[in-house]
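See below for the structure under consideration.
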Amino acid sequence: MTQPPPASAPVPATEPEIVIRVRDVVVGFGEKLVLKGLDLDVRRGEVLGFVGGSGTGKSVLTRAILGLTPKRKGVIEVFGLDIDLLPVFERKALERRWGVLFQQGALFSGLTVLQNIQLPMREHLRISQELMNELAMLKLDLVGLKHDAAGKFPSELSGGMIKRAALARALALDPEILFLDEPTSGLDPIGAAEFDQLIATLQKTLGLTVYMVTHDLDSLYSICDRIAALADGKIVATGTIEELLASDHPWLRAYFHGQRARQLAPPAR
Amino acid sequence: MSGETSPAGTRVLLAGLWTLENGAGMEAAAGDIERMGAKSGGGAILIDLAGVTALDTAGAWLIDRARERLTRAGAKVEVRWAAERQAILLDQAHYRSFESAPPRAGSPLVNWLAEIGETLMSAGRDLVAGVSFLGEIVAAMLRAFSRPSRLRPTSITYHVENFAFRALPIIALINFLVGCIVAQQGIFQLSRFGAAAFAVDLIGILVLRELAVLLSSIMVAGRTGSAITAELGSMKMREEIDALRVMGLDPMEVLVLPRLIALLISLPLLTFIADISALFGGLLVGWGYGGISPEIFLARLQNAIGLNTFLVGLIKAPFMALVIGVIACLEGFRVQGSAESLGRQVTASVVKAIFMVIVVDGLFAMFFAAIKY
Ligand SMILES: Nc1ncnc2c1ncn2[C@@H]1O[C@H](COP(=O)(O)OP(=O)(O)OP(=O)(O)O)[C@@H](O)[C@H]1O
Ligand SMILES: [Mg+2]
């Protein structure tokens, strides 16, 4: 009995599916508005790079999408579900489907790295302890941490190791969307390139959607399918790196054509 | 999933979800693969992934682990018909062994004895650390007094506001209540001997010599000591203290001295307020419950106590402040990286401070008895 391999699903020619839809979102602290009516779409299976100057509100938007920072106005839908209207139970189900790497790692300081990775598994899954140990170690391996890091506490890790351990925790449940807040900051260039490669591989194999806040031009060039730029509380441009390079927004010009960018950019033809 | 055995070998057909969503089912199925393969008795095994609709790293790991285990058992295993993505995933999550160090064994008795020894040693180390910390503080204080501009009056004022002024209501209230209770009990018990009026002596001496300073110290240990430990501890956790040090600032001088001096000022002030509140509580109860009019109460009080009664209580306050401050700062600096250790150290700070306050009070009682003051 021979069985043909299943034909991969035909690629629909229609509009790509939107997994995160942000419409007219306003977020402020006191008098000061950080996001002023922001719109953003993230498509399924893409790596979206999110750039913007320091303090423009990239982390704030990420937190707003995750439902951590209240917004004054606007709608945020994840997988087509409005996060404000979800009942608690569905909200929990939704939270299983995303993994978050916070800017500072946010590892639980009282737990070892291994326990940190296993915490979401323990909460959400019914699998044996043995498998949980193996999966956690596998995740450690995937993010490039040595096995002896498993028993360490976060305070005993270096900055780069914290990033990796936090990524391993974000990947614990094999999420569909991965939120990364400056994943490669604090990594050495080789480590950063490996990190990018890892994210690219995971995205290809798991069909991950990656929302990545970054300042790292290398990451933008090497793995981002699309880039969105934030300035003055709004998205000022979205598109591929070529499209953004061609943009004449002053901040984008300074960003992509500045001193450091010129050394990386492909030579102009 | 299903399997079929033919002369050529065993074919295992996997189907459905191989993702964490189906965690338990997937794990059981992986066990089935291994069992089915083992039954086939060393022939060729084909694991067919054609029916797998979704695969994640966990599923890939389980499949590859099953493959590896069957191979080890001597079978020839092949994984076939994986879609392109699944093949990459299987490669990413390929089997590897994670041998972990075996846990340290030992007889329970030995471990138990070792623990007792450790506890004793740590108590000893506590004492040494406390004394050496006190020495450091004295050294820092001498340095600071030699140049008074380094005493940081703003910081001290700020802490006095926090430690004394904001603690005033609660200190006044509990001492007032305790004054009332002592008065009520004193009048009630002494009236059986017809000596209700002596309740005033009881209140005066007990409150001024012991209760006010003790209650204030315990309250401050709980309220301020814990705050100091938590504050210094979280600064330690976030390397803020190291940041001070590399900037050429002495944490002892910047953080510890202002708090300690503020405590040394605050606790005597609070003790004085506590004295007044407790006496006032006694006066009110004596008046309402014991029928002792305020004039009589005050007259008896003047007879019963002298300046020394008042001073005995007040003299103890700075020493209590020193004990609380040194313990709180020391425990704060002992915090390690984790939030858990912060909590442990705060608890230790409060418990040790209250314990030491009572011990010091006992020592003072013996001292004053010896000099008949
Ligand atoms: N909890 C808060 N309260 C008040 N203001 C806040 C709060 N969180 C953020 N902000 C303000 O919002 C603005 C955006 O902050 P955000 O952390 O999003 O910056 P960012 O774009 O992530 O910068 P970076 O690239 O440095 O991480 C900043 O001006 C910050 O001061
Ligand atoms: Mg940020």
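Starting from 1 in every chain, residues are counted up; chains themselves are A, B, ... following the order of the structure tokens, and ligands are numbered from 1 as listed.
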
Every residue of stretch 5-117 of chain B that DSSP places in strand (DSSP E or B), as an mmCIF file with N, CA, C and O atoms, in the first residue's frame:
```
data_model
loop_
_atom_site.group_PDB
_atom_site.id
_atom_site.type_symbol
_atom_site.label_atom_id
_atom_site.label_comp_id
_atom_site.auth_asym_id
_atom_site.auth_seq_id
_atom_site.Cartn_x
_atom_site.Cartn_y
_atom_site.Cartn_z
ATOM 1 N N THR B 5 1.826 -5.015 9.781
ATOM 2 C CA THR B 5 3.067 -5.762 9.668
ATOM 3 C C THR B 5 2.998 -6.650 8.441
ATOM 4 O O THR B 5 2.007 -7.342 8.212
ATOM 5 N N SER B 6 4.006 -6.601 7.622
ATOM 6 C CA SER B 6 4.081 -7.454 6.438
ATOM 7 C C SER B 6 5.464 -8.108 6.479
ATOM 8 O O SER B 6 6.291 -7.733 7.298
ATOM 9 N N GLY B 9 8.312 -5.793 6.697
ATOM 10 C CA GLY B 9 8.587 -5.018 7.912
ATOM 11 C C GLY B 9 7.310 -4.410 8.454
ATOM 12 O O GLY B 9 6.206 -4.775 8.040
ATOM 13 N N THR B 10 7.478 -3.510 9.373
ATOM 14 C CA THR B 10 6.322 -2.876 10.001
ATOM 15 C C THR B 10 6.189 -1.463 9.491
ATOM 16 O O THR B 10 7.175 -0.760 9.305
ATOM 17 N N ARG B 11 4.946 -1.101 9.254
ATOM 18 C CA ARG B 11 4.711 0.250 8.800
ATOM 19 C C ARG B 11 3.791 0.907 9.811
ATOM 20 O O ARG B 11 2.726 0.395 10.134
ATOM 21 N N VAL B 12 4.235 2.037 10.344
ATOM 22 C CA VAL B 12 3.432 2.737 11.339
ATOM 23 C C VAL B 12 2.908 4.013 10.702
ATOM 24 O O VAL B 12 3.685 4.844 10.236
ATOM 25 N N LEU B 13 1.600 4.118 10.663
ATOM 26 C CA LEU B 13 0.998 5.303 10.057
ATOM 27 C C LEU B 13 0.603 6.283 11.153
ATOM 28 O O LEU B 13 -0.188 5.950 12.022
ATOM 29 N N LEU B 14 1.178 7.447 11.113
ATOM 30 C CA LEU B 14 0.797 8.472 12.086
ATOM 31 C C LEU B 14 -0.246 9.374 11.454
ATOM 32 O O LEU B 14 -0.217 9.628 10.259
ATOM 33 N N ALA B 15 -1.161 9.857 12.314
ATOM 34 C CA ALA B 15 -2.196 10.717 11.750
ATOM 35 C C ALA B 15 -2.565 11.816 12.733
ATOM 36 O O ALA B 15 -2.307 11.714 13.929
ATOM 37 N N GLY B 16 -3.150 12.830 12.193
ATOM 38 C CA GLY B 16 -3.752 13.880 13.028
ATOM 39 C C GLY B 16 -2.748 14.879 13.571
ATOM 40 O O GLY B 16 -1.701 15.132 12.997
ATOM 41 N N LEU B 17 -3.147 15.440 14.738
ATOM 42 C CA LEU B 17 -2.375 16.514 15.353
ATOM 43 C C LEU B 17 -1.195 15.964 16.138
ATOM 44 O O LEU B 17 -1.376 15.186 17.057
ATOM 45 N N TRP B 18 -0.020 16.382 15.780
ATOM 46 C CA TRP B 18 1.153 16.059 16.602
ATOM 47 C C TRP B 18 1.690 17.351 17.192
ATOM 48 O O TRP B 18 2.823 17.747 16.934
ATOM 49 N N ALA B 44 12.554 -4.178 9.604
ATOM 50 C CA ALA B 44 12.550 -2.784 9.175
ATOM 51 C C ALA B 44 11.267 -2.117 9.642
ATOM 52 O O ALA B 44 10.208 -2.736 9.665
ATOM 53 N N ILE B 45 11.382 -0.882 10.050
ATOM 54 C CA ILE B 45 10.197 -0.143 10.510
ATOM 55 C C ILE B 45 10.090 1.133 9.707
ATOM 56 O O ILE B 45 11.078 1.853 9.541
ATOM 57 N N LEU B 46 8.907 1.386 9.220
ATOM 58 C CA LEU B 46 8.695 2.610 8.468
ATOM 59 C C LEU B 46 7.699 3.479 9.228
ATOM 60 O O LEU B 46 6.592 3.043 9.511
ATOM 61 N N ILE B 47 8.127 4.664 9.604
ATOM 62 C CA ILE B 47 7.192 5.574 10.261
ATOM 63 C C ILE B 47 6.700 6.543 9.204
ATOM 64 O O ILE B 47 7.481 7.293 8.625
ATOM 65 N N ASP B 48 5.411 6.480 8.960
ATOM 66 C CA ASP B 48 4.833 7.221 7.843
ATOM 67 C C ASP B 48 4.123 8.465 8.360
ATOM 68 O O ASP B 48 3.164 8.378 9.118
ATOM 69 N N LEU B 49 4.599 9.621 7.977
ATOM 70 C CA LEU B 49 4.033 10.868 8.502
ATOM 71 C C LEU B 49 2.985 11.478 7.580
ATOM 72 O O LEU B 49 2.558 12.606 7.791
ATOM 73 N N ALA B 50 2.591 10.734 6.542
ATOM 74 C CA ALA B 50 1.716 11.342 5.535
ATOM 75 C C ALA B 50 0.430 11.898 6.142
ATOM 76 O O ALA B 50 -0.089 12.905 5.693
ATOM 77 N N GLY B 51 -0.068 11.209 7.186
ATOM 78 C CA GLY B 51 -1.356 11.641 7.726
ATOM 79 C C GLY B 51 -1.252 12.717 8.784
ATOM 80 O O GLY B 51 -2.261 13.154 9.341
ATOM 81 N N VAL B 52 -0.047 13.177 9.087
ATOM 82 C CA VAL B 52 0.104 14.166 10.158
ATOM 83 C C VAL B 52 -0.326 15.537 9.646
ATOM 84 O O VAL B 52 0.227 16.049 8.686
ATOM 85 N N THR B 53 -1.338 16.091 10.288
ATOM 86 C CA THR B 53 -1.838 17.379 9.794
ATOM 87 C C THR B 53 -1.084 18.562 10.376
ATOM 88 O O THR B 53 -0.966 19.593 9.741
ATOM 89 N N ALA B 54 -0.612 18.411 11.603
ATOM 90 C CA ALA B 54 0.148 19.518 12.191
ATOM 91 C C ALA B 54 1.233 18.939 13.074
ATOM 92 O O ALA B 54 1.022 17.952 13.769
ATOM 93 N N LEU B 55 2.391 19.575 13.025
ATOM 94 C CA LEU B 55 3.530 19.074 13.782
ATOM 95 C C LEU B 55 4.216 20.267 14.429
ATOM 96 O O LEU B 55 4.358 21.316 13.812
ATOM 97 N N LYS B 76 15.790 -1.320 12.044
ATOM 98 C CA LYS B 76 16.147 -0.374 10.992
ATOM 99 C C LYS B 76 14.933 0.535 10.797
ATOM 100 O O LYS B 76 13.879 0.107 10.356
ATOM 101 N N VAL B 77 15.076 1.764 11.146
ATOM 102 C CA VAL B 77 13.902 2.640 11.157
ATOM 103 C C VAL B 77 14.052 3.709 10.090
ATOM 104 O O VAL B 77 15.132 4.258 9.875
ATOM 105 N N GLU B 78 12.936 3.973 9.444
ATOM 106 C CA GLU B 78 12.959 5.045 8.467
ATOM 107 C C GLU B 78 11.732 5.919 8.699
ATOM 108 O O GLU B 78 10.647 5.416 8.954
ATOM 109 N N VAL B 79 11.919 7.201 8.636
ATOM 110 C CA VAL B 79 10.781 8.113 8.754
ATOM 111 C C VAL B 79 10.515 8.655 7.368
ATOM 112 O O VAL B 79 11.398 9.212 6.723
ATOM 113 N N ARG B 80 9.298 8.445 6.886
ATOM 114 C CA ARG B 80 9.033 8.799 5.485
ATOM 115 C C ARG B 80 7.843 9.727 5.359
ATOM 116 O O ARG B 80 7.017 9.881 6.237
#
```

If you count only C-alpha atoms and all ligand atoms, which residues end up within 6 Å of ligand 1, as a list in words?
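Going residue by residue within 6 Å of ligand 1, we get Phe29, Val34, Gly53, Ser54, Gly55, Thr56, Gly57, Lys58, Ser59 and Val60 of chain A.
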
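Proximity ranking of A:Val236, A:Leu252, A:Val143, A:Leu180 relative to ligand 2 places A:Leu180 first, based on only C-alpha atoms and all ligand atoms.
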
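We find atom CA of B:Arg209 and atom CA of B:Gly222 to be spaced 21.3 Å apart.
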
Can you tell me which residues surround A:Leu135 at a distance of at most 8 Å, considering only C-alpha atoms, apart from same-chain residues fewer than 2 positions away, and format the answer as a PyMOL selection string?
(chain A and resi 131-133+137-139+172) or (chain B and resi 58+61)
